[in-house]
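Next comes target.txt, with compact mmCIF, C-alpha atoms and all ligand atoms.
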```
# COMPACT_ATOMS: atom_id res chain seq x y z
CA MET A 1 0.00 0.00 0.00
CA PRO A 2 1.63 3.30 -1.05
CA GLU A 3 2.00 6.11 1.49
CA PRO A 4 -0.81 8.66 1.37
CA LEU A 5 0.03 11.70 -0.77
CA LEU A 6 -2.83 14.13 -0.27
CA THR A 7 -3.75 13.24 3.28
CA ARG A 8 -0.29 12.50 4.68
CA TYR A 9 -0.29 15.42 7.10
CA LEU A 10 -4.03 15.68 7.79
CA GLY A 11 -4.83 15.88 11.45
CA GLN A 12 -1.44 17.26 12.49
CA PRO A 13 -1.94 20.23 14.83
CA GLY A 14 -1.51 23.56 13.01
CA ARG A 15 -1.30 21.90 9.60
CA GLU A 16 -3.61 24.54 8.13
CA GLU A 17 -1.00 27.23 8.75
CA ILE A 18 1.55 28.16 6.12
CA ASP A 19 4.66 27.47 8.20
CA ALA A 20 3.61 23.85 8.75
CA TYR A 21 2.91 23.52 5.03
CA LEU A 22 6.25 25.04 4.05
CA ALA A 23 8.09 22.80 6.51
CA THR A 24 7.02 19.71 4.54
CA GLY A 25 7.97 21.11 1.12
CA GLY A 26 4.81 23.12 0.49
CA TYR A 27 4.87 25.62 -2.41
CA ARG A 28 8.08 24.04 -3.74
CA ALA A 29 6.17 22.52 -6.68
CA LEU A 30 4.84 25.99 -7.48
CA ALA A 31 8.31 27.53 -7.36
CA ARG A 32 9.64 24.83 -9.68
CA ALA A 33 6.69 25.14 -12.04
CA LEU A 34 7.17 28.90 -12.37
CA ARG A 35 10.94 28.63 -12.73
CA GLU A 36 11.46 25.48 -14.79
CA ARG A 37 8.29 24.72 -16.73
CA THR A 38 6.29 26.39 -19.44
CA PRO A 39 2.50 26.41 -19.05
CA ASP A 40 2.18 23.87 -21.89
CA GLU A 41 4.62 21.52 -20.17
CA ILE A 42 2.49 21.52 -17.05
CA VAL A 43 -0.65 20.80 -19.05
CA ALA A 44 1.22 17.89 -20.67
CA MET A 45 2.31 16.57 -17.26
CA VAL A 46 -1.22 16.65 -15.93
CA GLU A 47 -2.47 14.91 -19.06
CA ALA A 48 0.24 12.23 -18.75
CA SER A 49 -0.67 11.66 -15.10
CA GLY A 50 -4.10 10.40 -16.19
CA LEU A 51 -5.78 12.54 -13.51
CA ARG A 52 -9.55 12.54 -13.87
CA GLY A 53 -11.67 15.20 -12.20
CA ARG A 54 -12.83 14.30 -8.71
CA GLY A 55 -16.09 16.29 -8.78
CA GLY A 56 -18.20 13.43 -10.11
CA ALA A 57 -18.02 13.30 -13.89
CA GLY A 58 -14.42 12.05 -14.02
CA PHE A 59 -13.44 14.11 -17.05
CA PRO A 60 -9.67 13.94 -17.77
CA THR A 61 -8.19 17.11 -16.26
CA GLY A 62 -5.36 17.59 -18.77
CA ARG A 63 -7.78 17.27 -21.66
CA LYS A 64 -10.13 19.83 -20.10
CA TRP A 65 -7.23 22.28 -19.79
CA LYS A 66 -6.26 21.67 -23.42
CA LEU A 67 -9.82 22.40 -24.53
CA THR A 68 -9.66 25.85 -22.91
CA PRO A 69 -8.77 28.33 -25.65
CA LYS A 70 -5.64 30.33 -24.84
CA ARG A 71 -5.83 33.30 -27.17
CA ASP A 72 -3.56 36.19 -26.25
CA GLY A 73 -5.23 39.08 -24.51
CA GLU A 74 -8.45 37.17 -23.80
CA THR A 75 -9.63 36.99 -20.19
CA ARG A 76 -9.83 33.47 -18.80
CA TYR A 77 -10.98 32.32 -15.37
CA LEU A 78 -10.30 29.48 -13.00
CA VAL A 79 -13.21 28.40 -10.83
CA VAL A 80 -12.74 25.79 -8.12
CA ASN A 81 -15.81 23.86 -7.13
CA ALA A 82 -15.84 23.45 -3.36
CA ASP A 83 -19.62 23.22 -3.04
CA GLU A 84 -19.54 19.53 -2.09
CA GLY A 85 -23.25 18.87 -1.80
CA GLU A 86 -23.46 15.21 -2.83
CA PRO A 87 -24.85 13.22 0.13
CA GLY A 88 -22.12 11.09 1.69
CA THR A 89 -19.25 13.20 0.32
CA PHE A 90 -16.91 14.98 2.72
CA LYS A 91 -13.42 14.66 1.21
CA ASP A 92 -13.21 18.26 -0.09
CA ARG A 93 -14.26 19.65 3.29
CA THR A 94 -11.64 17.48 4.98
CA LEU A 95 -8.91 18.88 2.72
CA ILE A 96 -10.15 22.46 3.00
CA GLU A 97 -10.23 22.33 6.78
CA GLY A 98 -7.13 20.19 7.22
CA ASP A 99 -4.70 21.23 4.50
CA PRO A 100 -5.99 24.31 2.67
CA HIS A 101 -2.61 25.38 1.27
CA GLN A 102 -2.50 22.22 -0.84
CA ILE A 103 -5.59 23.44 -2.70
CA ILE A 104 -4.26 26.99 -3.02
CA GLU A 105 -0.92 25.74 -4.38
CA GLY A 106 -2.80 23.54 -6.87
CA MET A 107 -4.84 26.55 -7.95
CA VAL A 108 -1.82 28.79 -8.57
CA ILE A 109 -0.12 26.07 -10.67
CA THR A 110 -3.38 25.46 -12.56
CA ALA A 111 -3.79 29.18 -13.20
CA TYR A 112 -0.22 29.44 -14.47
CA ALA A 113 -0.69 26.40 -16.75
CA ASN A 114 -3.84 27.92 -18.22
CA GLN A 115 -2.60 31.52 -18.17
CA VAL A 116 -5.40 32.67 -15.91
CA HIS A 117 -5.08 35.74 -13.70
CA GLN A 118 -8.39 35.67 -11.84
CA ALA A 119 -9.64 32.67 -9.86
CA TYR A 120 -12.62 31.94 -7.61
CA ILE A 121 -13.29 29.28 -5.03
CA TYR A 122 -17.01 28.56 -4.79
CA LEU A 123 -17.27 27.34 -1.22
CA ARG A 124 -20.24 25.63 0.35
CA GLY A 125 -21.95 28.17 2.60
CA GLU A 126 -22.23 25.81 5.58
CA PHE A 127 -18.48 25.21 5.72
CA PHE A 128 -17.87 27.72 8.54
CA LEU A 129 -14.62 26.21 9.77
CA GLY A 130 -13.49 25.57 6.20
CA HIS A 131 -14.19 29.18 5.30
CA ARG A 132 -12.23 30.49 8.26
CA ARG A 133 -9.23 28.27 7.59
CA LEU A 134 -9.22 28.76 3.84
CA SER A 135 -9.53 32.56 4.18
CA ARG A 136 -6.68 32.63 6.65
CA ALA A 137 -4.55 30.38 4.43
CA LEU A 138 -5.25 32.59 1.44
CA ALA A 139 -4.24 35.71 3.39
CA GLU A 140 -1.00 33.96 4.41
CA ALA A 141 -0.31 32.94 0.81
CA TYR A 142 -0.82 36.55 -0.33
CA ALA A 143 1.43 37.85 2.44
CA ARG A 144 4.26 35.44 1.51
CA GLY A 145 4.03 36.15 -2.22
CA TYR A 146 2.52 32.83 -3.39
CA VAL A 147 -0.63 34.58 -4.62
CA GLY A 148 -1.04 38.13 -5.92
CA ARG A 149 1.20 40.19 -8.16
CA ASN A 150 4.51 38.95 -9.55
CA ILE A 151 4.35 35.60 -7.75
CA LEU A 152 7.82 34.59 -6.48
CA GLY A 153 9.34 37.17 -8.83
CA SER A 154 8.14 35.28 -11.91
CA GLY A 155 6.06 38.09 -13.39
CA PHE A 156 2.95 35.91 -13.10
CA ASP A 157 -0.08 37.51 -11.39
CA LEU A 158 -3.08 35.77 -9.84
CA GLU A 159 -5.94 37.04 -7.70
CA ILE A 160 -8.06 34.49 -5.81
CA VAL A 161 -11.50 35.28 -4.38
CA ILE A 162 -13.45 32.99 -2.05
CA HIS A 163 -17.17 33.08 -2.79
CA ARG A 164 -19.58 31.43 -0.37
CA GLY A 165 -22.61 29.62 -1.75
CA ALA A 166 -25.93 29.45 0.05
CA GLY A 167 -26.17 25.69 0.36
CA ALA A 168 -28.07 24.66 -2.78
CA TYR A 169 -27.04 21.26 -4.16
CA ILE A 170 -27.73 22.39 -7.72
CA CYS A 171 -25.03 25.07 -7.36
CA GLY A 172 -22.45 22.25 -7.40
CA GLU A 173 -23.44 21.59 -11.02
CA GLU A 174 -20.87 23.58 -12.93
CA THR A 175 -23.14 25.80 -15.02
CA ALA A 176 -25.55 26.53 -12.14
CA LEU A 177 -22.46 27.37 -10.10
CA LEU A 178 -21.40 29.91 -12.73
CA GLU A 179 -24.88 31.46 -12.75
CA SER A 180 -24.74 31.73 -8.97
CA LEU A 181 -21.23 33.19 -9.06
CA GLU A 182 -22.45 35.82 -11.52
CA GLY A 183 -25.14 36.78 -9.00
CA ARG A 184 -28.14 35.03 -10.48
CA ARG A 185 -30.32 32.18 -9.27
CA GLY A 186 -28.55 28.82 -9.58
CA PHE A 187 -30.25 27.47 -12.69
CA PRO A 188 -28.19 25.20 -14.96
CA ARG A 189 -27.24 26.41 -18.43
CA LEU A 190 -27.88 24.42 -21.58
CA LYS A 191 -24.90 22.32 -22.67
CA PRO A 192 -24.00 21.50 -25.38
CA PRO A 193 -23.28 23.54 -27.45
CA TYR A 194 -21.07 25.49 -25.04
CA TYR A 195 -19.16 24.10 -22.09
CA PRO A 196 -17.48 26.24 -19.42
CA ALA A 197 -14.04 25.52 -20.92
CA VAL A 198 -15.03 27.60 -23.95
CA ARG A 199 -17.80 29.88 -22.62
CA GLY A 200 -17.99 29.88 -18.86
CA LEU A 201 -17.86 32.65 -16.29
CA TYR A 202 -18.96 35.98 -17.83
CA ASP A 203 -19.00 34.11 -21.16
CA ARG A 204 -15.21 33.67 -21.07
CA PRO A 205 -13.13 30.49 -21.26
CA THR A 206 -13.16 28.98 -17.77
CA VAL A 207 -11.20 26.15 -16.24
CA LEU A 208 -13.61 24.65 -13.72
CA ASN A 209 -12.30 21.94 -11.41
CA ASN A 210 -13.16 20.26 -8.15
CA ALA A 211 -11.26 21.12 -4.95
CA GLU A 212 -9.71 17.64 -4.60
CA THR A 213 -8.63 17.78 -8.26
CA MET A 214 -6.63 20.91 -7.35
CA ALA A 215 -4.91 19.14 -4.45
CA HIS A 216 -3.46 16.53 -6.85
CA ILE A 217 -1.69 19.12 -9.00
CA PRO A 218 1.28 20.02 -6.75
CA HIS A 219 2.07 16.29 -6.37
CA ILE A 220 1.98 15.67 -10.12
CA VAL A 221 4.38 18.57 -10.67
CA ALA A 222 6.63 17.65 -7.73
CA LEU A 223 6.89 13.93 -8.50
CA GLY A 224 6.38 13.85 -12.25
CA PRO A 225 3.48 11.95 -13.82
CA GLU A 226 5.00 8.47 -13.62
CA ALA A 227 5.99 8.60 -9.95
CA TYR A 228 2.60 10.16 -9.16
CA LYS A 229 0.85 7.25 -10.88
CA SER A 230 2.79 4.78 -8.72
CA TYR A 231 0.69 6.04 -5.79
CA GLY A 232 -2.35 4.37 -7.31
CA PRO A 233 -3.07 6.94 -8.69
CA PRO A 234 -4.58 8.10 -5.42
CA ILE A 235 -8.20 8.94 -4.76
CA LEU A 236 -10.05 10.05 -1.65
CA TYR A 237 -13.00 7.82 -0.77
CA SER A 238 -15.48 9.27 1.75
CA VAL A 239 -16.77 6.20 3.61
CA SER A 240 -19.88 6.57 5.77
CA GLY A 241 -22.95 4.71 6.99
CA HIS A 242 -22.84 1.40 8.80
CA VAL A 243 -19.09 0.98 9.26
CA THR A 244 -17.12 1.14 12.48
CA ARG A 245 -14.37 3.45 11.15
CA PRO A 246 -15.97 5.95 8.77
CA GLY A 247 -13.85 8.73 7.26
CA VAL A 248 -11.78 9.83 4.29
CA LYS A 249 -9.61 6.98 2.98
CA GLU A 250 -6.83 7.79 0.54
CA LEU A 251 -6.24 4.65 -1.53
CA PRO A 252 -5.18 3.63 -5.03
CA ILE A 253 -8.09 4.12 -7.39
CA GLY A 254 -9.71 0.76 -8.12
CA THR A 255 -9.35 -0.67 -4.62
CA PRO A 256 -12.18 -3.24 -4.30
CA LEU A 257 -15.24 -2.10 -2.37
CA ARG A 258 -14.82 -5.04 0.03
CA GLU A 259 -11.29 -3.99 0.97
CA ILE A 260 -12.31 -0.35 1.44
CA ILE A 261 -15.28 -1.25 3.62
CA PHE A 262 -13.82 -4.11 5.67
CA GLU A 263 -10.10 -3.32 5.92
CA HIS A 264 -9.98 0.46 5.81
CA ALA A 265 -13.36 1.39 7.31
CA GLY A 266 -13.57 -1.40 9.89
CA GLY A 267 -16.56 -3.21 8.35
CA PRO A 268 -20.08 -3.22 9.80
CA ARG A 269 -20.85 -3.45 13.52
CA ALA A 270 -20.38 -6.84 15.21
CA GLY A 271 -23.03 -9.34 14.16
CA ARG A 272 -24.17 -7.27 11.20
CA SER A 273 -23.57 -7.77 7.48
CA VAL A 274 -23.44 -5.45 4.49
CA LYS A 275 -26.74 -5.36 2.66
CA ALA A 276 -26.25 -2.58 0.14
CA VAL A 277 -23.80 0.12 -0.91
CA PHE A 278 -23.96 3.43 -2.73
CA PRO A 279 -20.48 3.43 -4.34
CA GLY A 280 -20.43 7.06 -5.51
CA GLY A 281 -22.79 9.14 -3.41
CA SER A 282 -26.56 9.06 -3.48
CA SER A 283 -26.56 9.75 -7.24
CA SER A 284 -24.93 6.39 -7.97
CA ALA A 285 -27.07 3.28 -8.45
CA ILE A 286 -27.26 1.20 -5.28
CA LEU A 287 -25.37 -2.13 -5.30
CA THR A 288 -25.65 -5.26 -3.18
CA ALA A 289 -23.30 -7.44 -1.10
CA GLU A 290 -22.75 -9.51 -4.25
CA HIS A 291 -20.95 -6.58 -5.86
CA LEU A 292 -18.40 -6.04 -3.11
CA ASP A 293 -15.49 -7.47 -5.10
CA THR A 294 -15.88 -4.75 -7.72
CA PRO A 295 -12.93 -2.34 -8.02
CA ALA A 296 -14.07 1.15 -7.03
CA ASP A 297 -13.04 2.86 -10.27
CA PHE A 298 -14.82 4.67 -13.07
CA GLU A 299 -15.03 1.79 -15.58
CA SER A 300 -15.86 -1.13 -13.26
CA LEU A 301 -18.73 0.66 -11.55
CA GLN A 302 -20.08 1.94 -14.83
CA LYS A 303 -20.21 -1.65 -16.11
CA LEU A 304 -22.59 -2.44 -13.25
CA GLY A 305 -24.84 0.46 -14.23
CA SER A 306 -23.56 2.53 -11.31
CA MET A 307 -20.73 5.07 -11.08
CA LEU A 308 -17.78 6.25 -9.05
CA GLY A 309 -19.25 9.77 -8.94
CA SER A 310 -17.77 11.72 -6.05
CA SER A 311 -16.27 8.47 -4.61
CA ALA A 312 -18.55 8.56 -1.58
CA ILE A 313 -19.22 5.04 -0.34
CA ILE A 314 -22.34 4.80 1.81
CA VAL A 315 -22.65 1.41 3.50
CA LEU A 316 -26.03 -0.01 4.58
CA ASP A 317 -26.20 -3.05 6.85
CA ASP A 318 -28.93 -5.66 7.27
CA THR A 319 -30.94 -3.46 9.67
CA THR A 320 -31.71 -1.11 6.77
CA CYS A 321 -35.07 -0.80 5.05
CA ILE A 322 -34.07 -0.16 1.45
CA PRO A 323 -37.39 1.45 0.31
CA ALA A 324 -37.04 3.89 3.24
CA VAL A 325 -33.51 4.83 2.17
CA ILE A 326 -34.63 5.32 -1.42
CA ARG A 327 -37.54 7.49 -0.25
CA ARG A 328 -35.08 9.64 1.71
CA THR A 329 -32.80 10.10 -1.30
CA VAL A 330 -35.74 10.88 -3.61
CA GLU A 331 -36.90 13.48 -1.06
CA PHE A 332 -33.44 15.03 -1.16
CA TYR A 333 -33.56 15.43 -4.96
CA ARG A 334 -37.17 16.65 -4.74
CA ASP A 335 -36.18 19.35 -2.26
CA GLU A 336 -33.03 20.28 -4.18
CA SER A 337 -34.59 20.28 -7.68
CA CYS A 338 -34.23 23.80 -9.04
CA GLY A 339 -37.59 23.44 -10.77
CA LYS A 340 -36.35 24.56 -14.16
CA CYS A 341 -37.43 21.40 -16.01
CA THR A 342 -40.65 19.44 -15.64
CA PRO A 343 -39.39 15.83 -15.45
CA CYS A 344 -37.20 16.63 -12.44
CA ARG A 345 -39.57 19.08 -10.73
CA GLU A 346 -42.69 16.89 -11.09
CA GLY A 347 -41.10 13.45 -11.31
CA THR A 348 -39.36 13.69 -7.95
CA VAL A 349 -42.63 14.78 -6.28
CA TRP A 350 -44.62 11.93 -7.83
CA LEU A 351 -41.98 9.39 -6.87
CA SER A 352 -41.83 10.57 -3.28
CA GLN A 353 -45.65 10.52 -2.99
CA ILE A 354 -45.80 6.91 -4.23
CA LEU A 355 -42.93 5.85 -1.96
CA ASP A 356 -44.72 7.55 0.93
CA ARG A 357 -47.86 5.54 0.48
CA ILE A 358 -45.92 2.28 0.10
CA LEU A 359 -43.99 2.93 3.29
CA CYS A 360 -47.06 4.02 5.22
CA GLY A 361 -48.75 0.69 4.46
CA ARG A 362 -51.11 2.01 1.79
CA GLY A 363 -49.23 0.81 -1.29
CA ARG A 364 -50.97 -0.61 -4.33
CA ARG A 365 -49.89 -3.60 -6.39
CA GLU A 366 -49.39 -1.47 -9.51
CA ASP A 367 -47.16 1.01 -7.65
CA LEU A 368 -43.92 -0.78 -8.45
CA ASP A 369 -44.53 -0.60 -12.19
CA LEU A 370 -45.63 3.00 -11.79
CA LEU A 371 -42.39 3.90 -9.97
CA ASP A 372 -40.38 2.21 -12.70
CA SER A 373 -42.31 3.93 -15.47
CA ILE A 374 -41.87 7.41 -13.94
CA ALA A 375 -38.15 6.73 -13.44
CA ARG A 376 -37.84 5.59 -17.07
CA ASN A 377 -39.61 8.72 -18.28
CA MET A 378 -37.19 10.90 -16.31
CA THR A 379 -34.20 9.19 -17.90
CA GLY A 380 -32.68 11.26 -20.68
CA THR A 381 -35.38 13.93 -20.42
CA CYS A 382 -34.10 16.16 -17.60
CA PHE A 383 -32.35 19.45 -18.36
CA CYS A 384 -29.32 18.61 -16.22
CA PRO A 385 -27.88 15.61 -14.38
CA LEU A 386 -29.64 16.41 -11.08
CA GLY A 387 -32.94 14.86 -12.17
CA GLU A 388 -31.06 12.15 -14.05
CA SER A 389 -29.51 11.09 -10.72
CA VAL A 390 -32.78 9.81 -9.31
CA PRO A 391 -33.74 6.90 -11.63
CA PRO A 392 -30.55 4.78 -11.37
CA SER A 393 -30.82 4.09 -7.65
CA LEU A 394 -34.56 3.75 -7.61
CA ARG A 395 -34.52 1.31 -10.53
CA ALA A 396 -31.58 -0.65 -9.11
CA SER A 397 -33.42 -0.97 -5.78
CA LEU A 398 -36.52 -2.23 -7.60
CA ARG A 399 -34.34 -4.79 -9.35
CA TYR A 400 -32.32 -6.00 -6.34
CA PHE A 401 -34.79 -5.47 -3.49
CA ARG A 402 -38.18 -5.88 -5.18
CA ASP A 403 -39.33 -8.37 -2.52
CA GLU A 404 -38.88 -5.70 0.13
CA TYR A 405 -41.14 -3.28 -1.69
CA ALA A 406 -43.66 -6.08 -2.34
CA HIS A 407 -43.65 -7.00 1.36
CA HIS A 408 -44.51 -3.41 2.31
CA ILE A 409 -47.41 -3.45 -0.12
CA GLU A 410 -48.74 -6.87 0.83
CA ALA A 411 -48.17 -6.81 4.59
CA GLY A 412 -48.69 -3.07 5.01
CA ALA A 413 -45.58 -3.08 7.21
CA CYS A 414 -41.81 -3.29 7.14
CA ASP A 415 -40.14 -6.47 8.29
CA VAL A 416 -37.01 -4.53 9.34
CA ALA A 417 -38.73 -1.66 11.18
CA GLY A 418 -41.48 -3.89 12.56
CA GLY A 419 -44.50 -1.83 11.45
CA PRO A 420 -45.45 0.77 8.86
CA HIS A 421 -43.11 3.74 8.53
CA ARG A 422 -44.34 7.18 9.36
C1 LIG A 501 -26.34 18.20 -9.33
C2 LIG A 501 -24.83 18.22 -9.42
C3 LIG A 501 -24.09 18.60 -8.31
C4 LIG A 501 -22.70 18.64 -8.38
N1 LIG A 501 -22.01 18.99 -7.26
C5 LIG A 501 -20.65 19.08 -7.33
C6 LIG A 501 -19.91 19.52 -6.20
O1 LIG A 501 -20.46 19.79 -5.13
N2 LIG A 501 -18.56 19.60 -6.32
C7 LIG A 501 -17.91 19.31 -7.51
O2 LIG A 501 -16.71 19.45 -7.60
N3 LIG A 501 -18.60 18.89 -8.59
C8 LIG A 501 -19.95 18.79 -8.53
N4 LIG A 501 -20.65 18.40 -9.65
C9 LIG A 501 -19.88 18.15 -10.89
C10 LIG A 501 -19.57 19.47 -11.62
O3 LIG A 501 -20.66 19.78 -12.48
C11 LIG A 501 -18.29 19.39 -12.46
O4 LIG A 501 -18.35 18.24 -13.28
C12 LIG A 501 -17.01 19.34 -11.62
O5 LIG A 501 -16.98 20.35 -10.65
C13 LIG A 501 -15.81 19.51 -12.56
O6 LIG A 501 -14.59 19.38 -11.85
P1 LIG A 501 -13.62 18.14 -12.10
O7 LIG A 501 -13.42 18.03 -13.59
O8 LIG A 501 -12.38 18.49 -11.38
O9 LIG A 501 -14.31 16.92 -11.56
C14 LIG A 501 -22.04 18.32 -9.59
C15 LIG A 501 -22.79 17.94 -10.70
C16 LIG A 501 -24.17 17.88 -10.61
C17 LIG A 501 -24.94 17.48 -11.82
```
Kindly transcribe the structure held in the file into structure tokens.
Amino acid sequence: MPEPLLTRYLGQPGREEIDAYLATGGYRALARALRERTPDEIVAMVEASGLRGRGGAGFPTGRKWKLTPKRDGETRYLVVNADEGEPGTFKDRTLIEGDPHQIIEGMVITAYANQVHQAYIYLRGEFFLGHRRLSRALAEAYARGYVGRNILGSGFDLEIVIHRGAGAYICGEETALLESLEGRRGFPRLKPPYYPAVRGLYDRPTVLNNAETMAHIPHIVALGPEAYKSYGPPILYSVSGHVTRPGVKELPIGTPLREIIFEHAGGPRAGRSVKAVFPGGSSSAILTAEHLDTPADFESLQKLGSMLGSSAIIVLDDTTCIPAVIRRTVEFYRDESCGKCTPCREGTVWLSQILDRILCGRGRREDLDLLDSIARNMTGTCFCPLGESVPPSLRASLRYFRDEYAHHIEAGACDVAGGPHR
């Protein structure tokens, strides 16, 4: 098992302060990048590292940077997505609170590689501690000359602004985030034809990356792409739910779910067994104990009809009522739907009403087909991926745990909870 790269110093007292960061080689990758590398060389290094964005979609970071037009004299922006709203995901917050300079250093290198002079961090509004630590870290970085004008005497300038969101999940979606950053309501923009790389913030080319993605950049530059890859490449899994040691686990990408859950997160409580798993946050299709030997990577999970998403593994043991969990996730998407498109706005309400009646002991035989039909009609018809996130889990639960739904309808009660749910 390789040593952790991104989380090596997490939890050390005072780690969020610049002196602790500098003492372990912090900002050295930036100094080398500015002194020894051209922007194009850094883009090539990131491409060669194989890094894929950690915000959920897994788009190759180097390719995204290459797609960003770099015409002379044209304003470009860097926007870092630190909204982290996906249920079960807490890796970005952990980095922001525990090692904020790593993200700032990644941002300055990214800005240099893409010749950007203005950057924003869109930070989840509820991250009070994260905001305090990140703001302080940014002030320290300005004071020591790692951000601002003529960084380390290189002639390169970068301003970074922290912008706090108001806690809407949709504002994590990149185009809704840009709307919100521009001061409007967080409604997603139509894409295609234009993606943020080409027309993003204020209609300008915008490099938009996740906060964890930024934290990988100094390591890629410091180690070189090949040595970086020998660490896995690394990924941060947020492991939560019915495990005895939940938390952020830095592991090589593709570690099997079983190893992550049992070895690194302590497994379920004594006497309990794993019943189901969300492998990539609540937007990923639910899997069963039979899938535990699957490597937690983009391709393997996609083959099962699920996804790695934000790499948030939510473990459910045998005391869990699956229809109740699915109702809770559907309610989340219902409450967070921005309302812009009908399938998402109406579909999530219909689904939660039907799930309500099933769980309250008033389900009808035809309800399971009705749930499936609504979910099918939402698939491929929503304006953005928020609404599209609902059908995979619901349909997977109907496939793997149909008997549980049927029991609620026939018995009017839950065999796990003992009676009807409220
Ligand atoms: C509903 C929704 C919510 C999202 N929330 C986040 C988020 O909180 N943080 C994030 O980095 N990406 C989030 N994403 C993904 C972003 O749209 C985008 O793909 C990502 O920030 C790009 O960065 P990356 O290439 O480094 O992964 C969300 C997407 C959707 C559809």
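Taking only C-alpha atoms and all ligand atoms into account, the residues that come within 6 Å of ligand LIG 501 (chain A) are Gly53, Arg54, Gly55, Gly56, Ala57, Gly58, Phe59, Thr61, Asn81, Ala82, Asp83, Glu84, Gly85, Glu86, Tyr169, Ile170, Gly172, Glu173, Glu174, Leu208, Asn209, Asn210, Thr213, Pro385 and Leu386 of chain A.
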Selection near Val274 in chain A, 10 Å with all atoms listed in the file, sequence-local residues under 2 positions removed, as an mmCIF file with C-alpha atoms, in the frame of the given file:
```
data_model
loop_
_atom_site.group_PDB
_atom_site.id
_atom_site.type_symbol
_atom_site.label_atom_id
_atom_site.label_comp_id
_atom_site.auth_asym_id
_atom_site.auth_seq_id
_atom_site.Cartn_x
_atom_site.Cartn_y
_atom_site.Cartn_z
ATOM 1 C CA HIS A 242 -22.840 1.400 8.800
ATOM 2 C CA VAL A 243 -19.090 0.980 9.260
ATOM 3 C CA ARG A 258 -14.820 -5.040 0.030
ATOM 4 C CA ILE A 261 -15.280 -1.250 3.620
ATOM 5 C CA PHE A 262 -13.820 -4.110 5.670
ATOM 6 C CA GLY A 267 -16.560 -3.210 8.350
ATOM 7 C CA PRO A 268 -20.080 -3.220 9.800
ATOM 8 C CA ARG A 269 -20.850 -3.450 13.520
ATOM 9 C CA ARG A 272 -24.170 -7.270 11.200
ATOM 10 C CA ALA A 276 -26.250 -2.580 0.140
ATOM 11 C CA VAL A 277 -23.800 0.120 -0.910
ATOM 12 C CA THR A 288 -25.650 -5.260 -3.180
ATOM 13 C CA ALA A 289 -23.300 -7.440 -1.100
ATOM 14 C CA GLU A 290 -22.750 -9.510 -4.250
ATOM 15 C CA LEU A 292 -18.400 -6.040 -3.110
ATOM 16 C CA VAL A 315 -22.650 1.410 3.500
ATOM 17 C CA LEU A 316 -26.030 -0.010 4.580
ATOM 18 C CA ASP A 317 -26.200 -3.050 6.850
ATOM 19 C CA ASP A 318 -28.930 -5.660 7.270
ATOM 20 C CA THR A 319 -30.940 -3.460 9.670
ATOM 21 C CA THR A 320 -31.710 -1.110 6.770
#
```
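The closest residue to Val198 in chain A, picked from A:Ser230, A:Gln118, A:Gln12, A:Thr75 and counting all atoms listed in the file, is A:Thr75.
Our summary of the geometry notes that CA of Arg144 in chain A is positioned 20.2 Å from CA of Ala222 in chain A.
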May I have the residues within 7 Å of Gly254 in chain A as a compact mmCIF listing (two decimals) with C-alpha atoms, keeping the file's coordinate frame, using all atoms listed in the file and disregarding those fewer than 6 positions away in the same chain?
```txt
# COMPACT_ATOMS: atom_id res chain seq x y z
CA PRO A 295 -12.93 -2.34 -8.02
CA ALA A 296 -14.07 1.15 -7.03
CA ASP A 297 -13.04 2.86 -10.27
```
Set the distance at 9 Å and use all atoms listed in the file: which residues neighbour Thr24 in chain A once local chain neighbours fewer than 4 positions away are removed? I'd like the list as a PyMOL selection string. chain A and resi 9+19-20
List the spatial neighbours of range 342-354 of chain A as a PyMOL selection string - criterion: any atom at most 6 Å away, only C-alpha atoms, same-chain residues fewer than 3 positions off excluded. chain A and resi 334+337+339+357+378+382+387
For Phe278 in chain A, please output as number ranges by chain all residues within 8 Å (counting only C-alpha atoms; exclusion window: fewer than 5 positions along the same chain). A: 284-287, 312-315
Please save C-alpha atoms of the selected residues as a short mmCIF file (atom, residue, chain, number, x, y, z; two decimals), in the coordinates of the input.
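Output file again_33.cif is given in full below:
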```cif
data_model
loop_
_atom_site.label_atom_id
_atom_site.label_comp_id
_atom_site.auth_asym_id
_atom_site.auth_seq_id
_atom_site.Cartn_x
_atom_site.Cartn_y
_atom_site.Cartn_z
CA SER A 284 -24.93 6.39 -7.97
CA ALA A 285 -27.07 3.28 -8.45
CA ILE A 286 -27.26 1.20 -5.28
CA LEU A 287 -25.37 -2.13 -5.30
CA ALA A 312 -18.55 8.56 -1.58
CA ILE A 313 -19.22 5.04 -0.34
CA ILE A 314 -22.34 4.80 1.81
CA VAL A 315 -22.65 1.41 3.50
#
```
d(CA of Thr294 in chain A, CA of Thr255 in chain A) in Å: 8.3 Å
So, counting all atoms listed in the file, which residue among A:Ala396, A:Ala143, A:Ala166, A:Leu359 is closest to Ser283 in chain A?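 Result for the nearest residue to Ser283 in chain A: A:Ala396.
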Shortest interatomic distance to Ala375 in chain A - which of A:Ile260, A:Val390, A:Val207, A:Ile217, counting all atoms listed in the file: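 For Ala375 in chain A, the nearest of the given residues is A:Val390.
If only C-alpha atoms are the atoms counted, then among A:Ile42, A:Leu251, A:Leu34, A:Val108 the closest residue to Leu78 in chain A is A:Val108.
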Nearest to Tyr231 in chain A, chosen from A:Ser311, A:Thr38, A:Thr175, A:Ser49, with all atoms listed in the file counted in the distances: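 Result for the nearest residue to Tyr231 in chain A: A:Ser49.
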Closest of A:Glu74, A:Glu140, A:Asp369, A:Asp40 to Thr110 in chain A, counting all atoms listed in the file, is A:Asp40
